[in-house]
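Chemist: The following file, final_29.txt, comprises compact mmCIF, C-alpha atoms and all ligand atoms:
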# COMPACT_ATOMS: atom_id res chain seq x y z
CA MET A 16 86.94 97.14 167.25
CA ASN A 17 89.05 94.85 165.07
CA ASN A 18 92.30 93.40 166.38
CA PHE A 19 95.40 95.48 165.71
CA SER A 20 99.02 95.99 166.60
CA PHE A 21 100.40 99.50 166.76
CA CYS A 22 103.94 100.80 167.03
CA ASN A 23 105.24 104.23 166.11
CA PRO A 24 108.87 104.89 167.03
CA VAL A 25 109.26 108.39 165.54
CA LYS A 26 110.51 111.11 167.87
CA ILE A 27 108.69 114.39 167.17
CA ILE A 28 110.37 117.70 167.93
CA PHE A 29 107.69 120.36 167.57
CA GLY A 30 107.70 124.14 167.77
CA LYS A 31 109.23 127.47 166.85
CA ASP A 32 113.01 127.50 166.37
CA SER A 33 113.26 123.74 166.79
CA ILE A 34 115.45 123.08 163.72
CA SER A 35 118.58 123.77 165.80
CA LYS A 36 117.72 120.66 167.84
CA ILE A 37 118.78 118.34 165.04
CA ALA A 38 122.29 118.99 166.36
CA THR A 39 121.63 116.68 169.29
CA GLU A 40 119.69 114.08 167.27
CA LEU A 41 122.27 113.35 164.59
CA PRO A 42 125.15 111.06 165.60
CA THR A 43 128.28 113.23 165.92
CA ASN A 44 130.42 110.99 163.75
CA ALA A 45 127.82 110.44 161.00
CA LYS A 46 128.60 111.21 157.39
CA VAL A 47 125.35 112.92 156.44
CA LEU A 48 123.58 113.42 153.13
CA MET A 49 121.08 116.27 153.27
CA LEU A 50 118.27 115.82 150.75
CA TYR A 51 115.93 118.56 149.59
CA GLY A 52 113.62 119.65 146.78
CA GLY A 53 113.58 122.38 144.19
CA GLY A 54 115.04 125.15 146.33
CA SER A 55 112.26 126.57 148.52
CA ILE A 56 114.44 125.89 151.56
CA LYS A 57 117.10 128.24 150.23
CA LYS A 58 114.58 131.09 150.00
CA ASN A 59 112.84 130.73 153.38
CA GLY A 60 115.87 130.34 155.62
CA VAL A 61 115.43 126.63 156.37
CA TYR A 62 118.60 125.68 154.50
CA SER A 63 120.75 128.03 156.56
CA GLN A 64 119.14 126.88 159.83
CA VAL A 65 119.83 123.24 158.96
CA THR A 66 123.41 123.77 157.81
CA LYS A 67 124.11 125.81 160.95
CA ALA A 68 122.73 122.99 163.11
CA LEU A 69 124.90 120.45 161.29
CA GLY A 70 127.89 122.33 162.70
CA ASP A 71 131.24 120.69 162.04
CA ARG A 72 129.77 117.42 160.76
CA VAL A 73 130.86 116.15 157.37
CA PHE A 74 127.84 116.47 155.09
CA LEU A 75 126.98 116.37 151.42
CA GLU A 76 123.84 117.63 149.65
CA PHE A 77 121.42 116.19 147.13
CA GLY A 78 118.83 118.70 145.89
CA ALA A 79 116.31 118.83 143.05
CA ILE A 80 114.01 116.09 144.34
CA GLU A 81 110.85 116.81 142.41
CA ALA A 82 107.24 116.85 143.62
CA ASN A 83 105.91 113.30 143.18
CA PRO A 84 109.50 112.05 143.48
CA ARG A 85 110.92 109.97 140.69
CA PHE A 86 112.59 106.60 141.06
CA GLU A 87 115.14 107.72 138.48
CA THR A 88 116.15 110.74 140.64
CA CYS A 89 116.29 108.61 143.78
CA MET A 90 118.71 106.20 142.11
CA LYS A 91 121.13 109.08 141.45
CA ALA A 92 121.17 109.75 145.20
CA VAL A 93 121.74 106.03 145.86
CA ALA A 94 124.81 106.13 143.58
CA LEU A 95 126.17 109.14 145.47
CA ILE A 96 125.59 107.46 148.83
CA LYS A 97 127.50 104.36 147.75
CA GLU A 98 130.32 106.36 146.21
CA GLN A 99 130.72 108.61 149.27
CA SER A 100 130.02 106.00 151.99
CA ILE A 101 127.20 108.09 153.46
CA ASP A 102 125.73 106.54 156.60
CA TYR A 103 122.95 108.95 157.65
CA LEU A 104 120.29 110.83 155.67
CA LEU A 105 118.54 114.07 156.52
CA ALA A 106 115.37 114.90 154.57
CA VAL A 107 114.48 118.61 154.49
CA GLY A 108 111.21 119.37 152.70
CA GLY A 109 107.65 118.25 152.09
CA GLY A 110 106.23 114.78 151.62
CA SER A 111 108.04 114.31 148.32
CA VAL A 112 111.49 114.82 149.84
CA LEU A 113 110.64 112.64 152.84
CA ASP A 114 109.22 109.87 150.65
CA ALA A 115 112.22 109.99 148.32
CA THR A 116 114.52 109.77 151.34
CA LYS A 117 112.68 106.68 152.60
CA PHE A 118 113.11 104.95 149.27
CA ILE A 119 116.74 106.05 148.99
CA SER A 120 117.44 104.75 152.49
CA ALA A 121 116.03 101.35 151.49
CA ALA A 122 117.54 101.21 147.99
CA SER A 123 121.02 102.12 149.30
CA CYS A 124 121.08 98.89 151.31
CA TYR A 125 119.32 96.71 148.73
CA GLN A 126 121.45 93.83 147.47
CA GLY A 127 119.42 92.83 144.37
CA THR A 128 119.82 94.17 140.85
CA GLU A 129 116.47 95.99 140.42
CA ALA A 130 115.69 98.39 143.27
CA TRP A 131 112.24 99.13 141.81
CA ASP A 132 111.29 95.63 143.01
CA ILE A 133 111.25 97.02 146.58
CA ILE A 134 108.08 98.77 145.47
CA ALA A 135 106.73 96.71 142.57
CA LYS A 136 107.20 93.34 144.26
CA GLU A 137 106.73 94.65 147.81
CA LEU A 138 109.95 92.94 148.90
CA PRO A 139 110.37 92.88 152.68
CA LEU A 140 113.37 95.03 153.60
CA THR A 141 116.16 93.68 155.76
CA LYS A 142 118.18 96.88 156.07
CA ALA A 143 117.85 100.63 155.46
CA LEU A 144 119.96 103.67 156.26
CA PRO A 145 118.85 105.68 159.29
CA PHE A 146 117.45 109.13 158.61
CA GLY A 147 115.83 112.13 160.23
CA ALA A 148 113.50 114.76 158.76
CA VAL A 149 112.80 118.47 158.87
CA LEU A 150 109.26 118.93 157.58
CA THR A 151 108.35 122.06 155.60
CA LEU A 152 104.85 121.20 154.33
CA PRO A 153 102.14 119.70 156.53
CA ALA A 154 100.10 117.28 154.42
CA THR A 155 101.26 113.72 153.99
CA GLY A 156 102.04 112.52 157.51
CA SER A 157 105.23 111.05 156.04
CA GLU A 158 107.15 112.60 158.97
CA MET A 159 105.60 110.10 161.37
CA ASN A 160 104.83 107.07 159.22
CA SER A 161 106.66 104.33 157.39
CA GLY A 162 105.13 104.74 153.94
CA ALA A 163 106.35 106.41 150.77
CA VAL A 164 105.01 106.95 147.27
CA ILE A 165 107.41 106.91 144.32
CA THR A 166 106.82 107.49 140.62
CA ARG A 167 108.72 105.65 137.90
CA GLU A 168 108.97 108.14 135.06
CA SER A 169 109.67 105.57 132.35
CA THR A 170 106.44 103.64 132.99
CA LYS A 171 104.30 106.33 134.67
CA ASP A 172 103.75 104.06 137.66
CA LYS A 173 103.07 105.86 140.94
CA LEU A 174 103.16 103.26 143.71
CA ALA A 175 103.47 103.12 147.47
CA PHE A 176 105.69 101.01 149.68
CA ASN A 177 105.80 100.51 153.41
CA SER A 178 108.34 99.13 155.83
CA PRO A 179 108.98 99.54 159.56
CA LEU A 180 112.63 100.11 158.60
CA VAL A 181 111.79 103.46 157.00
CA PHE A 182 110.26 105.28 159.93
CA PRO A 183 112.25 108.51 160.41
CA GLN A 184 114.33 108.39 163.60
CA PHE A 185 113.14 111.90 164.38
CA SER A 186 111.12 114.62 162.68
CA VAL A 187 111.40 118.32 163.35
CA LEU A 188 108.13 120.25 162.93
CA ASP A 189 108.56 124.02 163.12
CA PRO A 190 105.23 125.56 162.03
CA SER A 191 106.89 128.90 161.23
CA VAL A 192 108.65 127.36 158.21
CA THR A 193 105.21 126.91 156.64
CA PHE A 194 104.63 130.68 156.38
CA SER A 195 106.38 130.63 153.01
CA LEU A 196 104.05 128.05 151.47
CA PRO A 197 102.13 129.22 148.41
CA SER A 198 98.35 129.11 149.01
CA ARG A 199 98.06 126.22 146.54
CA GLN A 200 100.22 124.07 148.80
CA VAL A 201 98.42 125.23 151.95
CA ALA A 202 95.11 124.13 150.42
CA ASN A 203 96.68 120.89 149.19
CA GLY A 204 97.88 120.12 152.71
CA ILE A 205 94.44 120.69 154.25
CA ILE A 206 92.74 118.49 151.66
CA ASP A 207 95.33 115.70 151.80
CA THR A 208 94.98 115.60 155.59
CA PHE A 209 91.18 115.66 155.35
CA VAL A 210 91.17 112.73 152.93
CA HIS A 211 93.67 110.74 155.02
CA VAL A 212 91.22 110.92 157.90
CA VAL A 213 88.27 110.05 155.69
CA GLU A 214 90.03 106.97 154.24
CA GLN A 215 90.24 105.60 157.80
CA TYR A 216 86.89 106.87 159.06
CA LEU A 217 84.31 106.83 156.28
CA THR A 218 83.85 103.09 156.00
CA ASP A 219 81.21 100.78 157.43
CA ALA A 220 80.17 101.99 160.84
CA ASN A 221 82.68 100.42 163.24
CA ASP A 222 81.89 100.04 166.88
CA ALA A 223 84.88 102.21 167.72
CA PRO A 224 83.72 105.52 169.20
CA LEU A 225 87.17 106.56 170.43
CA GLN A 226 88.53 106.21 166.89
CA ASP A 227 85.49 108.05 165.49
CA TYR A 228 85.80 110.99 167.86
CA PHE A 229 89.53 111.15 167.28
CA ALA A 230 89.08 111.20 163.49
CA GLU A 231 86.29 113.77 163.80
CA SER A 232 88.45 116.01 165.97
CA ILE A 233 91.04 116.18 163.20
CA LEU A 234 88.35 116.92 160.58
CA GLN A 235 86.92 119.62 162.84
CA VAL A 236 90.31 121.29 163.23
CA LEU A 237 90.78 121.27 159.45
CA PHE A 238 87.31 122.68 158.85
CA GLU A 239 87.74 125.44 161.44
CA GLU A 240 91.43 126.32 161.12
CA GLY A 241 92.11 125.45 157.45
CA PRO A 242 90.47 128.53 155.90
CA LYS A 243 92.27 130.77 158.42
CA ALA A 244 95.65 129.68 157.06
CA LEU A 245 94.62 131.19 153.72
CA THR A 246 93.09 134.40 155.05
CA ASP A 247 95.55 134.96 157.91
CA PRO A 248 98.71 133.26 156.62
CA ASN A 249 101.07 134.62 159.28
CA ASN A 250 99.05 133.26 162.19
CA TYR A 251 101.48 130.90 163.96
CA GLU A 252 98.81 129.17 166.07
CA VAL A 253 96.78 128.28 162.98
CA ARG A 254 99.86 126.90 161.22
CA ALA A 255 100.82 124.93 164.33
CA ASN A 256 97.38 123.38 164.67
CA LEU A 257 97.29 122.39 161.00
CA MET A 258 100.78 120.90 161.18
CA TRP A 259 99.94 118.77 164.18
CA ALA A 260 96.62 117.70 162.63
CA SER A 261 98.28 116.48 159.45
CA THR A 262 100.84 114.47 161.40
CA TRP A 263 98.10 112.75 163.40
CA ALA A 264 95.96 112.03 160.37
CA LEU A 265 98.44 109.47 159.09
CA ASN A 266 100.67 108.28 161.91
CA GLY A 267 98.75 105.03 162.39
CA TRP A 268 96.74 105.96 165.45
CA ILE A 269 93.32 106.65 163.92
CA ALA A 270 93.65 103.43 161.87
CA CYS A 271 93.77 101.24 164.99
CA GLY A 272 90.93 98.74 165.10
CA VAL A 273 88.96 100.17 162.16
CA LYS A 274 88.53 99.35 158.47
CA GLN A 275 90.41 101.39 155.91
CA ASP A 276 89.49 102.35 152.36
CA TRP A 277 92.30 104.15 150.35
CA ALA A 278 90.43 103.90 147.03
CA THR A 279 90.45 107.69 146.61
CA HIS A 280 94.22 107.73 147.04
CA ILE A 281 94.92 104.84 144.70
CA ILE A 282 92.75 106.26 141.91
CA GLY A 283 94.34 109.66 142.54
CA HIS A 284 97.87 108.31 142.18
CA GLU A 285 96.99 107.03 138.71
CA ILE A 286 95.68 110.45 137.70
CA THR A 287 98.81 112.19 138.98
CA ALA A 288 100.99 109.69 137.12
CA LEU A 289 99.10 110.26 133.86
CA TYR A 290 98.19 113.97 134.09
CA GLU A 291 100.59 115.52 136.65
CA LEU A 292 97.86 116.93 138.90
CA ASP A 293 99.02 117.59 142.46
CA HIS A 294 98.25 114.71 144.83
CA ALA A 295 95.60 116.68 146.78
CA GLN A 296 94.03 118.04 143.59
CA THR A 297 93.22 114.47 142.57
CA LEU A 298 91.77 113.69 146.00
CA ALA A 299 89.44 116.71 145.90
CA ILE A 300 88.03 115.43 142.62
CA ILE A 301 87.68 111.78 143.53
CA LEU A 302 86.51 111.71 147.15
CA PRO A 303 82.98 113.07 146.48
CA GLY A 304 82.63 110.43 143.73
CA VAL A 305 83.71 107.59 146.02
CA MET A 306 81.28 108.80 148.68
CA LYS A 307 78.42 108.88 146.17
CA VAL A 308 79.09 105.56 144.44
CA MET A 309 79.98 103.66 147.64
CA LYS A 310 77.22 105.03 149.86
CA LYS A 311 75.84 101.52 150.33
CA HIS A 312 78.80 100.86 152.67
CA LYS A 313 79.49 104.38 153.81
CA GLY A 314 75.99 105.81 154.20
CA LYS A 315 75.79 105.65 158.00
CA LYS A 316 79.17 107.25 158.50
CA ILE A 317 78.50 109.90 155.85
CA GLN A 318 75.41 110.90 157.80
CA GLN A 319 77.38 110.98 161.05
CA MET A 320 80.08 113.11 159.46
CA GLY A 321 77.48 115.49 158.03
CA LYS A 322 75.92 115.96 161.44
CA ARG A 323 79.05 116.21 163.55
CA ILE A 324 81.39 118.12 161.22
CA PHE A 325 79.13 120.20 159.00
CA GLY A 326 76.12 120.52 161.32
CA ILE A 327 73.74 119.07 158.70
CA GLN A 328 70.32 117.90 159.94
CA ALA A 329 68.40 116.87 156.82
CA ALA A 330 64.85 115.51 156.70
CA ASN A 331 65.81 111.99 155.68
CA GLU A 332 68.81 109.70 155.21
CA GLU A 333 69.16 110.17 151.44
CA GLU A 334 69.04 113.91 151.83
CA GLN A 335 71.54 113.83 154.74
CA ILE A 336 73.99 111.87 152.57
CA ALA A 337 73.54 114.11 149.53
CA GLN A 338 73.97 117.31 151.57
CA THR A 339 77.09 115.96 153.28
CA ILE A 340 78.73 115.07 149.97
CA ASN A 341 77.90 118.56 148.69
CA ALA A 342 79.36 120.09 151.87
CA VAL A 343 82.64 118.21 151.38
CA GLU A 344 82.90 119.40 147.77
CA ALA A 345 81.99 122.96 148.82
CA PHE A 346 84.70 122.87 151.51
CA PHE A 347 87.33 121.90 148.93
CA ASN A 348 86.07 124.61 146.55
CA SER A 349 86.16 127.17 149.37
CA LEU A 350 89.90 126.48 149.68
CA GLY A 351 90.28 127.38 146.00
CA VAL A 352 90.65 123.79 144.79
CA LYS A 353 88.74 122.44 141.79
CA THR A 354 86.69 119.29 142.16
CA ARG A 355 86.02 118.27 138.55
CA LEU A 356 88.31 116.62 136.01
CA GLY A 357 87.01 118.84 133.22
CA GLU A 358 88.15 121.95 135.11
CA TYR A 359 91.74 120.76 134.52
CA GLY A 360 91.01 120.09 130.83
CA ILE A 361 91.03 116.33 131.40
CA GLU A 362 88.76 114.55 128.97
CA GLU A 363 86.35 111.64 129.35
CA LYS A 364 88.91 109.09 128.13
CA VAL A 365 90.55 109.29 131.58
CA CYS A 366 87.79 107.02 132.94
CA ALA A 367 88.78 104.13 130.67
CA GLU A 368 92.52 104.86 131.01
CA VAL A 369 92.53 104.68 134.79
CA ALA A 370 90.11 101.75 134.90
CA GLU A 371 92.37 99.82 132.54
CA ARG A 372 95.42 100.42 134.74
CA ILE A 373 93.54 99.24 137.82
CA LYS A 374 92.42 96.15 135.90
CA LEU A 375 95.95 95.35 134.67
CA ARG A 376 97.24 95.54 138.23
CA GLY A 377 94.47 93.18 139.32
CA TRP A 378 93.36 95.56 142.06
CA LYS A 379 90.02 95.51 143.84
CA LEU A 380 89.82 98.59 146.03
CA GLY A 381 87.97 99.85 149.07
CA GLU A 382 87.37 98.51 152.54
CA HIS A 383 85.46 95.56 151.07
CA GLY A 384 87.67 95.01 148.02
CA ASP A 385 84.61 95.51 145.83
CA ILE A 386 85.66 98.60 143.89
CA THR A 387 86.48 97.01 140.55
CA SER A 388 87.87 98.68 137.44
CA GLU A 389 84.24 99.17 136.30
CA THR A 390 83.40 100.93 139.58
CA VAL A 391 86.47 103.14 139.14
CA ALA A 392 85.23 104.13 135.67
CA GLU A 393 81.81 104.93 137.16
CA ILE A 394 83.34 107.04 139.94
CA LEU A 395 85.42 109.03 137.46
CA ALA A 396 82.58 109.45 134.96
CA GLY A 397 80.63 111.20 137.72
CA ARG A 398 83.52 113.61 138.28
CA MET A 399 83.80 115.17 134.81
O1 LIG B 1 110.64 121.40 146.04
P1 LIG B 1 110.61 122.66 146.82
O2 LIG B 1 111.32 123.80 146.20
O3 LIG B 1 110.99 122.45 148.26
O4 LIG B 1 109.06 123.17 146.81
C1 LIG B 1 107.99 122.38 147.29
C2 LIG B 1 107.16 121.78 146.15
O5 LIG B 1 107.23 122.57 145.00
C3 LIG B 1 107.01 123.31 147.95
N1 LIG B 1 107.32 123.55 149.37
C4 LIG B 1 107.48 122.64 150.36
N2 LIG B 1 107.66 123.25 151.54
C5 LIG B 1 107.64 124.61 151.28
C6 LIG B 1 107.42 124.78 149.90
N3 LIG B 1 107.36 126.01 149.33
C7 LIG B 1 107.49 127.08 150.15
N4 LIG B 1 107.67 126.97 151.48
C8 LIG B 1 107.74 125.77 152.09
N5 LIG B 1 107.87 125.68 153.43
O6 LIG B 1 105.77 122.63 147.85
C9 LIG B 1 105.74 121.87 146.66
C10 LIG B 1 105.10 120.52 146.93
O7 LIG B 1 105.92 119.77 147.79
P2 LIG B 1 105.66 118.20 148.01
O8 LIG B 1 106.66 117.70 148.96
O9 LIG B 1 105.56 117.53 146.67
O10 LIG B 1 104.18 118.19 148.62
P3 LIG B 1 103.50 117.21 149.64
O11 LIG B 1 104.05 117.37 150.99
O12 LIG B 1 102.07 117.43 149.43
O13 LIG B 1 103.92 115.74 149.14
C11 LIG B 1 103.26 115.11 148.07
C12 LIG B 1 103.82 113.72 147.85
O14 LIG B 1 103.61 112.89 148.98
C13 LIG B 1 102.92 111.69 148.59
C14 LIG B 1 102.12 112.17 147.40
O15 LIG B 1 101.66 111.10 146.61
C15 LIG B 1 103.13 113.04 146.69
O16 LIG B 1 104.03 112.25 145.95
N6 LIG B 1 102.18 111.12 149.73
C16 LIG B 1 102.88 110.51 150.71
C17 LIG B 1 102.28 109.89 151.75
C18 LIG B 1 103.05 109.21 152.82
N7 LIG B 1 104.34 109.11 152.72
O17 LIG B 1 102.46 108.71 153.78
C19 LIG B 1 100.82 109.81 151.87
C20 LIG B 1 100.12 110.78 150.99
O18 LIG B 1 98.81 110.31 150.78
C21 LIG B 1 100.75 111.02 149.67
O19 LIG B 1 100.41 110.01 148.73
ZN ZN B 2 97.40 111.68 150.67
Write the structure described by the file as structure tokens, please.
Modeler:
Amino acid sequence: MNNFSFCNPVKIIFGKDSISKIATELPTNAKVLMLYGGGSIKKNGVYSQVTKALGDRVFLEFGAIEANPRFETCMKAVALIKEQSIDYLLAVGGGSVLDATKFISAASCYQGTEAWDIIAKELPLTKALPFGAVLTLPATGSEMNSGAVITRESTKDKLAFNSPLVFPQFSVLDPSVTFSLPSRQVANGIIDTFVHVVEQYLTDANDAPLQDYFAESILQVLFEEGPKALTDPNNYEVRANLMWASTWALNGWIACGVKQDWATHIIGHEITALYELDHAQTLAIILPGVMKVMKKHKGKKIQQMGKRIFGIQAANEEEQIAQTINAVEAFFNSLGVKTRLGEYGIEEKVCAEVAERIKLRGWKLGEHGDITSETVAEILAGRM
């Protein structure tokens, strides 16, 4: 085990009909801004549950936060917050709304002239507005972490930032609000969660069996329960198990004491920024490529994963690795998600485009910092 420090202050309120409980979490005298996305919450009853729970509080609304939230949109919310002296935010939606709210909470208190620097220059925050969340899409773990990913439309940069000041104060997780998710988003959520675990698990073998078993338990739940959410979409228990799994995949716990990769995510963000693929769609394409190209570091763990998650017992190590990578790709395909760039009509030039962006940013990715722009091009070339 490596050394680590771990702190997660988010209060989780989980279960059926739990949205009403925000009434006791929000300060009574707060002036609240409720933030949401493109309107799904108005169709599935979440909006009316939240507004009912807000009761007599003074609150304003800011909707139309897009998937892969834009800096430009966030700054409109910041202007509203300053104009209206808002002092508490309530995010109601999926990872995009939660991430946007985190950035808005930071940018509203930022004293400099260019709020994008919070992300681009990784400025340490000194202040952020408090906020709570009502999660409607299990996938990102944003409800229990302090990270956010924001896209700047004008430059097509999709970048992450992190600060302990942007942990939600509380997050409400009612699995029944996920019944209304389209199957594309259900599959996205399973794959995003799966890859979050893998980024913290599929590295060099660490001598950290507790972390391994914990990570594997999340993968196992996804593998067993994930397909049921597509075939039996009104099964509350399945939805509840998936929601809890996605929260745990990225709340910091499975990262304790182990190496982390994140190359699949970083390459994926570039593809979303350039080609507008959903976040999880990019991960389903890239992960098998990272596993293949980086097997020199990941080989042992790939074999372990093959054995423990997919029940693979091949004749030799090479075969065990190859069959496990195939099993991962087959799992993604079984959820109805494509795993090749060409299937989205993306052409070969993407390899050079993404590699060039990684090079310009001076990034070396992976748990060993040895995934260069050339390696990125190789990974993508294998995913056409
Ligand atoms: O916008 P609305 O109308 O609400 O519709 C959304 C959106 O179209 C819809 N949706 C959400 N809940 C629903 C629903 N539709 C019906 N019923 C419901 N209950 O789903 C669509 C996608 O929503 P979005 O929030 O974009 O999806 P997701 O939760 O997958 O978030 C993706 C974003 O999170 C970032 C991604 O990069 C991407 O920008 N990530 C954030 C992370 C974090 N903060 O830790 C880590 C992740 O790796 C990821 O990078
Ligand atoms: Zn992700």
Chemist: Please determine the residues with any atom at most 10 Å from (101.2, 127.3, 163.7) (coordinates as given in the file, with only C-alpha atoms counting) and report them as a list of chain:residue names.
Modeler: A:Gly30, A:Lys31, A:Leu188, A:Asp189, A:Pro190, A:Ser191, A:Val192, A:Thr193, A:Phe194, A:Ala244, A:Pro248, A:Asn249, A:Asn250, A:Tyr251, A:Glu252, A:Val253, A:Arg254, A:Ala255, A:Asn256, A:Leu257, A:Met258, A:Trp259
Chemist: Is there a way to get, as JSON, numbers by chain, all residues within 12 Å of the point (130.4, 115.0, 168.9) in file coordinates, counting all atoms listed in the file?
Modeler: {"A": [38, 39, 40, 41, 42, 43, 44, 45, 69, 70, 71, 72, 73]}
Chemist: Please, what distance in Å, to one decimal, runs between atom CA of A:Arg398 and atom CA of A:Glu368?
Modeler: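 Going from atom CA of A:Arg398 over to atom CA of A:Glu368, I get 14.5 Å.
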Chemist: When distances are computed from all atoms listed in the file, which of A:Ala260, A:Leu302, A:Ile373, A:Ala223 shows the smallest separation from A:Asn18?
Modeler: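 The closest residue to A:Asn18 is A:Ala223.
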Chemist: Using all atoms listed in the file, find each residue in chain A having at least one atom no more than 10 Å away from ligand ZN 2 (chain B); report its shortest atom-to-atom pair and that distance in Å (one decimal), rows by chain then rising number, as CSV.
Modeler:
residue,atom,partner,partner_atom,distance
A:Gly110,CA,B:ZN2,ZN,9.4
A:Ala154,CA,B:ZN2,ZN,7.3
A:Thr155,CA,B:ZN2,ZN,5.5
A:Gly156,CA,B:ZN2,ZN,8.3
A:Ser157,CA,B:ZN2,ZN,9.5
A:Val164,CA,B:ZN2,ZN,9.6
A:Asn203,CA,B:ZN2,ZN,9.4
A:Gly204,CA,B:ZN2,ZN,8.7
A:Ile206,CA,B:ZN2,ZN,8.3
A:Asp207,CA,B:ZN2,ZN,4.7
A:Thr208,CA,B:ZN2,ZN,6.7
A:Phe209,CA,B:ZN2,ZN,8.7
A:Val210,CA,B:ZN2,ZN,6.7
A:His211,CA,B:ZN2,ZN,5.8
A:Val212,CA,B:ZN2,ZN,9.5
A:Glu214,CA,B:ZN2,ZN,9.4
A:Ala264,CA,B:ZN2,ZN,9.8
A:Leu265,CA,B:ZN2,ZN,8.8
A:Trp277,CA,B:ZN2,ZN,9.1
A:Thr279,CA,B:ZN2,ZN,9.0
A:His280,CA,B:ZN2,ZN,6.2
A:Ile281,CA,B:ZN2,ZN,9.4
A:Gly283,CA,B:ZN2,ZN,8.9
A:His284,CA,B:ZN2,ZN,9.1
A:His294,CA,B:ZN2,ZN,6.6
A:Ala295,CA,B:ZN2,ZN,6.6
A:Thr297,CA,B:ZN2,ZN,9.5
A:Leu298,CA,B:ZN2,ZN,7.6
